[in-house]
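Q: The structure follows.
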Amino acid sequence: MIESHNYARPGATNEETQKTTFEMVKYDNLTSMLLDLRAGNINSFYVNSETAAYIVAQNEDLETSSIPLQRVDYSMATLKSNTEVYDILNKAIVDIKADGTMDQIINNYLKAYETKDPEPIEMPIIEGAPTYKVAVTGDMPTLDYVSSDGKPAGFNVALLSEISKRANVNIEPVVVESGAKSSALSSSRVDAFFWISSTYCSEHPEFKHTENLEQIMSTEPYIALDIVLIRKK
């Protein structure tokens, strides 16, 4: 679930800020949020710093705030009942972080594509190995990206490719709308999806009803990013 807030612009006086009414509007996709921002239906929205850099590079009429709102950990989520998939994903993420491979993936597949579209990534095919499906949405480029022809790419797919090789399993990225991730997981259409860490969600009431939190558990965080505002210039 993507969220937007009608925030005061950074630099506003205390009096201006006190007169501002803050209202949260929820969106299921990034495209709708960008359209509403340009239409003046919202004043700003927040995303992670990497996605913000990509959006601003693609849209000359937009800018980001200079002051981060907070820092957020990103994890992978599975059903609490699916301990097999959780153990596979969590162990691989821990190992990838420990030996420095995560830093390489960040540099090669996140930082490198802040100003251009990510290229598709071929997933390993391991004969005789089990296959697990992971939801991708395309709503957090270049962290989570789907090309115009429907092919998943970007950082998360590169991470899935490395997890596949480490765990000796096949992983199939499945394109799912942001608002449908939870139902896709509970219906077994997918085995996991990318999500904010459960610790962060439990501390922020606005997330309690977005992803059936009582049914899911999140892995060790694989990356931490600042959250910033995007607004019209």
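Naming scheme: A, B, ... for chains in displayed order of the structure tokens; residues 1 onward per chain; ligands 1 onward as shown.
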With DSSP run on the backbone, what are the helix (DSSP H, G or I) residues within range 16-221 of chain A? I'd like them as a PyMOL selection string.
A: chain A and resi 16-18+30-39+49-58+83-98+101-109+111-113+155-167+178-186+198-203+205-207+213-215
Q: Enumerate as a ChimeraX atom specification all residues of chain A assigned to strand (DSSP E or B) by DSSP on the backbone, naming them with the chain letters and numbers the document uses.
A: /A:2-5,24-27,44-48,62-64,70-79,120,131-136,140,144-146,152-153,170-175,192-196,216-218,223-232
Q: Pick the closest to Asp149 in chain A from A:Ala52, A:Val175, A:Ala92, A:Val190: which is it, counting only C-alpha atoms?
A: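 Counting only C-alpha atoms, the residue closest to Asp149 in chain A is A:Val175.
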Q: Hey, which of A:Met140, A:Leu229, A:Asn170, A:Arg189 ends up closest to Asp28 in chain A? Count only C-alpha atoms.
A: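 Smallest separation from Asp28 in chain A among the options: A:Met140.
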Q: In terms of the shortest atom-to-atom distance over only C-alpha atoms, which of A:Leu143, A:Val157, A:Ile230, A:Ile126 is closest to Thr51 in chain A?
A: A:Leu143
Q: If I take CA of Ser218 in chain A and CA of Leu89 in chain A, how far is one from the other in Å, to one decimal?
A: 9.8 Å
Q: Pick the closest to Thr78 in chain A from A:Thr219, A:Asn48, A:Ser148, A:Ser65: which is it, counting only C-alpha atoms?
A: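 Closest candidate: A:Thr219.
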Q: Between A:Glu84, A:Asp36, A:Glu60, A:Glu23, which one has atoms that come closest to Ala167 in chain A, using only C-alpha atoms?
A: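 Answer, going by the shortest atom-to-atom distance: A:Glu84.
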